[in-house]
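Scroll down for the structure; my scribbles are underneath it.
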Amino acid sequence: MGAQKVLAARSALNAMNPDVEIAPIAARVTSEELDGLVVTADIVLDCTDNFATRHAINRACVAHRKPLVSGAAIRFDAQLMVFDLRQRDAPCYACLFPEDAEVEEVQCSQMGVFAPLTGMVGAIQAMEAIKLIVGTGESLSGRLLIVDAHAAEWRSVKVARDPACKVCR
């Protein structure tokens, strides 16, 4: 109780697999620090809860052509997508959600989130990352997976690269 999320997560993960090295960062990172973290990564998983951070992560992934596995959940709704920026024709996060778009920021702390849904999103993100690492199966690259947990419905929508995107064009 009262532990920082990153330290609690490291402890839980090390209890399951003590051979995994986890370097928690319990602070907001600057753009330069984020850039340095992304350049050393094979794949980036975005599990954040605000557009500003998502866009900053996307910019760093675009700059270094790193695959980005994005997941989000609010209430009973979730969205997941892989932005495989190693592919020249792949869309980036800003192709789907432009940085200059008027978007109402909805916070989980205010609107709530169906707890099992966050576990599902995380599991799918892990699955997509593993598929990218080992080079197997078909990823969610270019497809937005939309989950309506309330109605138990899943659907996917194709997303093309925006030739006018200010981030990846």
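In the structure tokens, the first chain shown is A, the next is B, and so on; residue numbers restart at 1 for each chain, and ligands run from 1 in the order shown.
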Notebook entry, point to check: So which residues touch region 128-137 of chain A within 7 Å, counting only C-alpha atoms, skipping near sequence neighbours fewer than 4 positions away, as a ChimeraX atom specification?
Noted result: /A:43,69,124
Notebook entry, point to check: If you count only C-alpha atoms, which residues fall within 7 Å of Ile146 (chain A), apart from same-chain ones fewer than 2 positions away, as number ranges by chain?
Noted result: A: 78-80, 144, 148, 154-156
Note to self: I'd like the contact shell of Asp77 (chain A) - 8 Å cut-off, only C-alpha atoms, skipping same-chain residues fewer than 3 positions apart - returned as a ChimeraX atom specification.
What the structure shows: /A:73-74,117,146-150
Notebook entry, point to check: Restricting the calculation to only C-alpha atoms, which member of A:Asp162, A:Glu32, A:Ile22, A:Ile57 is positioned closest to Pro91 (chain A)?
Noted result: A:Asp162
Next item on the list: Just the residues within 7 Å of Gly71 (chain A), please, counting only C-alpha atoms, with nothing from its chain fewer than 3 positions along; format it as a list in words.
Entry: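 Skipping anything fewer than 3 positions along the chain leaves Asp46, Cys47, Gln79, Leu80, Met81, Val121 and Gln125 of chain A.
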Report the residues of chain A whose backbone DSSP state falls under helix (DSSP H, G or I), written as a PDB file with C-alpha atoms, in the first residue's frame.
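Result written to selection_20.pdb:
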```pdb
ATOM      1  CA  LYS A   5       3.183   1.990  -9.424  1.00  0.00           C
ATOM      2  CA  VAL A   6       6.497   1.381 -11.179  1.00  0.00           C
ATOM      3  CA  LEU A   7       8.080  -0.087  -8.035  1.00  0.00           C
ATOM      4  CA  ALA A   8       5.044  -2.262  -7.288  1.00  0.00           C
ATOM      5  CA  ALA A   9       5.022  -3.451 -10.912  1.00  0.00           C
ATOM      6  CA  ARG A  10       8.740  -4.278 -10.798  1.00  0.00           C
ATOM      7  CA  SER A  11       8.271  -6.233  -7.584  1.00  0.00           C
ATOM      8  CA  ALA A  12       5.329  -8.206  -8.998  1.00  0.00           C
ATOM      9  CA  LEU A  13       7.125  -8.942 -12.280  1.00  0.00           C
ATOM     10  CA  ASN A  14      10.356  -9.962 -10.541  1.00  0.00           C
ATOM     11  CA  ALA A  15       8.349 -12.321  -8.312  1.00  0.00           C
ATOM     12  CA  MET A  16       7.104 -14.060 -11.479  1.00  0.00           C
ATOM     13  CA  SER A  31      11.460  14.936 -24.586  1.00  0.00           C
ATOM     14  CA  GLU A  32      15.210  14.359 -24.696  1.00  0.00           C
ATOM     15  CA  GLU A  33      15.027  11.593 -22.083  1.00  0.00           C
ATOM     16  CA  LEU A  34      12.099   9.993 -23.918  1.00  0.00           C
ATOM     17  CA  ASP A  35      14.082  10.154 -27.149  1.00  0.00           C
ATOM     18  CA  GLY A  36      16.984   8.394 -25.435  1.00  0.00           C
ATOM     19  CA  LEU A  37      14.727   5.671 -24.064  1.00  0.00           C
ATOM     20  CA  VAL A  38      12.998   5.011 -27.379  1.00  0.00           C
ATOM     21  CA  VAL A  39      16.219   4.815 -29.390  1.00  0.00           C
ATOM     22  CA  THR A  40      17.385   1.893 -27.203  1.00  0.00           C
ATOM     23  CA  PHE A  51      -2.934  12.576 -25.411  1.00  0.00           C
ATOM     24  CA  ALA A  52       0.089  14.794 -24.731  1.00  0.00           C
ATOM     25  CA  THR A  53       2.163  11.830 -23.564  1.00  0.00           C
ATOM     26  CA  ARG A  54       0.868   9.570 -26.337  1.00  0.00           C
ATOM     27  CA  HIS A  55       1.852  12.152 -28.936  1.00  0.00           C
ATOM     28  CA  ALA A  56       5.303  12.616 -27.390  1.00  0.00           C
ATOM     29  CA  ILE A  57       5.872   8.850 -27.469  1.00  0.00           C
ATOM     30  CA  ASN A  58       4.635   8.706 -31.070  1.00  0.00           C
ATOM     31  CA  ARG A  59       7.012  11.480 -32.168  1.00  0.00           C
ATOM     32  CA  ALA A  60       9.962   9.643 -30.631  1.00  0.00           C
ATOM     33  CA  CYS A  61       8.914   6.354 -32.258  1.00  0.00           C
ATOM     34  CA  VAL A  62       8.517   8.039 -35.657  1.00  0.00           C
ATOM     35  CA  ALA A  63      11.928   9.705 -35.316  1.00  0.00           C
ATOM     36  CA  HIS A  64      13.610   6.358 -34.624  1.00  0.00           C
ATOM     37  CA  TYR A  93      -0.558   7.628 -33.934  1.00  0.00           C
ATOM     38  CA  ALA A  94      -0.967  11.203 -35.232  1.00  0.00           C
ATOM     39  CA  CYS A  95      -2.436   9.887 -38.513  1.00  0.00           C
ATOM     40  CA  LEU A  96      -5.301   8.508 -36.425  1.00  0.00           C
ATOM     41  CA  CYS A 108     -10.045   7.410 -16.152  1.00  0.00           C
ATOM     42  CA  SER A 109     -10.038   8.898 -12.659  1.00  0.00           C
ATOM     43  CA  GLN A 110     -13.185  10.862 -13.523  1.00  0.00           C
ATOM     44  CA  MET A 111     -14.964   8.491 -15.910  1.00  0.00           C
ATOM     45  CA  ALA A 115     -11.016  -3.139 -14.413  1.00  0.00           C
ATOM     46  CA  PRO A 116     -10.940  -6.439 -16.343  1.00  0.00           C
ATOM     47  CA  LEU A 117     -10.722  -4.424 -19.576  1.00  0.00           C
ATOM     48  CA  THR A 118      -7.339  -2.961 -18.639  1.00  0.00           C
ATOM     49  CA  GLY A 119      -6.008  -6.480 -18.140  1.00  0.00           C
ATOM     50  CA  MET A 120      -7.323  -7.468 -21.556  1.00  0.00           C
ATOM     51  CA  VAL A 121      -5.721  -4.430 -23.191  1.00  0.00           C
ATOM     52  CA  GLY A 122      -2.379  -5.135 -21.516  1.00  0.00           C
ATOM     53  CA  ALA A 123      -2.491  -8.807 -22.520  1.00  0.00           C
ATOM     54  CA  ILE A 124      -3.227  -7.915 -26.152  1.00  0.00           C
ATOM     55  CA  GLN A 125      -0.431  -5.324 -26.145  1.00  0.00           C
ATOM     56  CA  ALA A 126       1.975  -7.959 -24.806  1.00  0.00           C
ATOM     57  CA  MET A 127       0.773 -10.432 -27.442  1.00  0.00           C
ATOM     58  CA  GLU A 128       1.298  -7.894 -30.242  1.00  0.00           C
ATOM     59  CA  ALA A 129       4.775  -7.005 -28.935  1.00  0.00           C
ATOM     60  CA  ILE A 130       5.805 -10.653 -28.784  1.00  0.00           C
ATOM     61  CA  LYS A 131       4.527 -11.250 -32.327  1.00  0.00           C
ATOM     62  CA  LEU A 132       6.585  -8.290 -33.547  1.00  0.00           C
ATOM     63  CA  ILE A 133       9.703  -9.459 -31.702  1.00  0.00           C
ATOM     64  CA  VAL A 134       9.584 -13.012 -33.037  1.00  0.00           C
TER      65      VAL A 134
END
```
Note to self: Let me make sure I understand: among A:Val44, A:Leu145, A:Ala151, A:Cys165, which one has the smallest atom-to-atom distance to Asp84 (chain A) if we use only C-alpha atoms?
What the structure shows: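 Smallest distance to Asp84 (chain A) is found for A:Val44.
DSSP secondary structure from the backbone places Val44, Leu45, Asp46, Leu68, Val69, Ser70, Gly71, Ala72, Ala73, Ile74, Asp77, Ala78, Gln79, Leu80, Met81, Val82, Phe83, Arg143, Leu144, Leu145, Ile146, Val147, Asp148, Glu153, Trp154, Arg155, Ser156, Val157 and Lys158 of chain A of region 40-166 of chain A in strand (DSSP E).
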Notebook entry, point to check: Which residue out of A:Ala3, A:Thr48, A:Val167, A:Phe97 has the minimum interatomic distance to Arg65 (chain A) when only C-alpha atoms are used?
Noted result: A:Val167
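Proximity of A:Arg169, A:Arg161, A:Glu102, A:Phe83 to Ser141 (chain A), computed with only C-alpha atoms, is greatest for A:Phe83.
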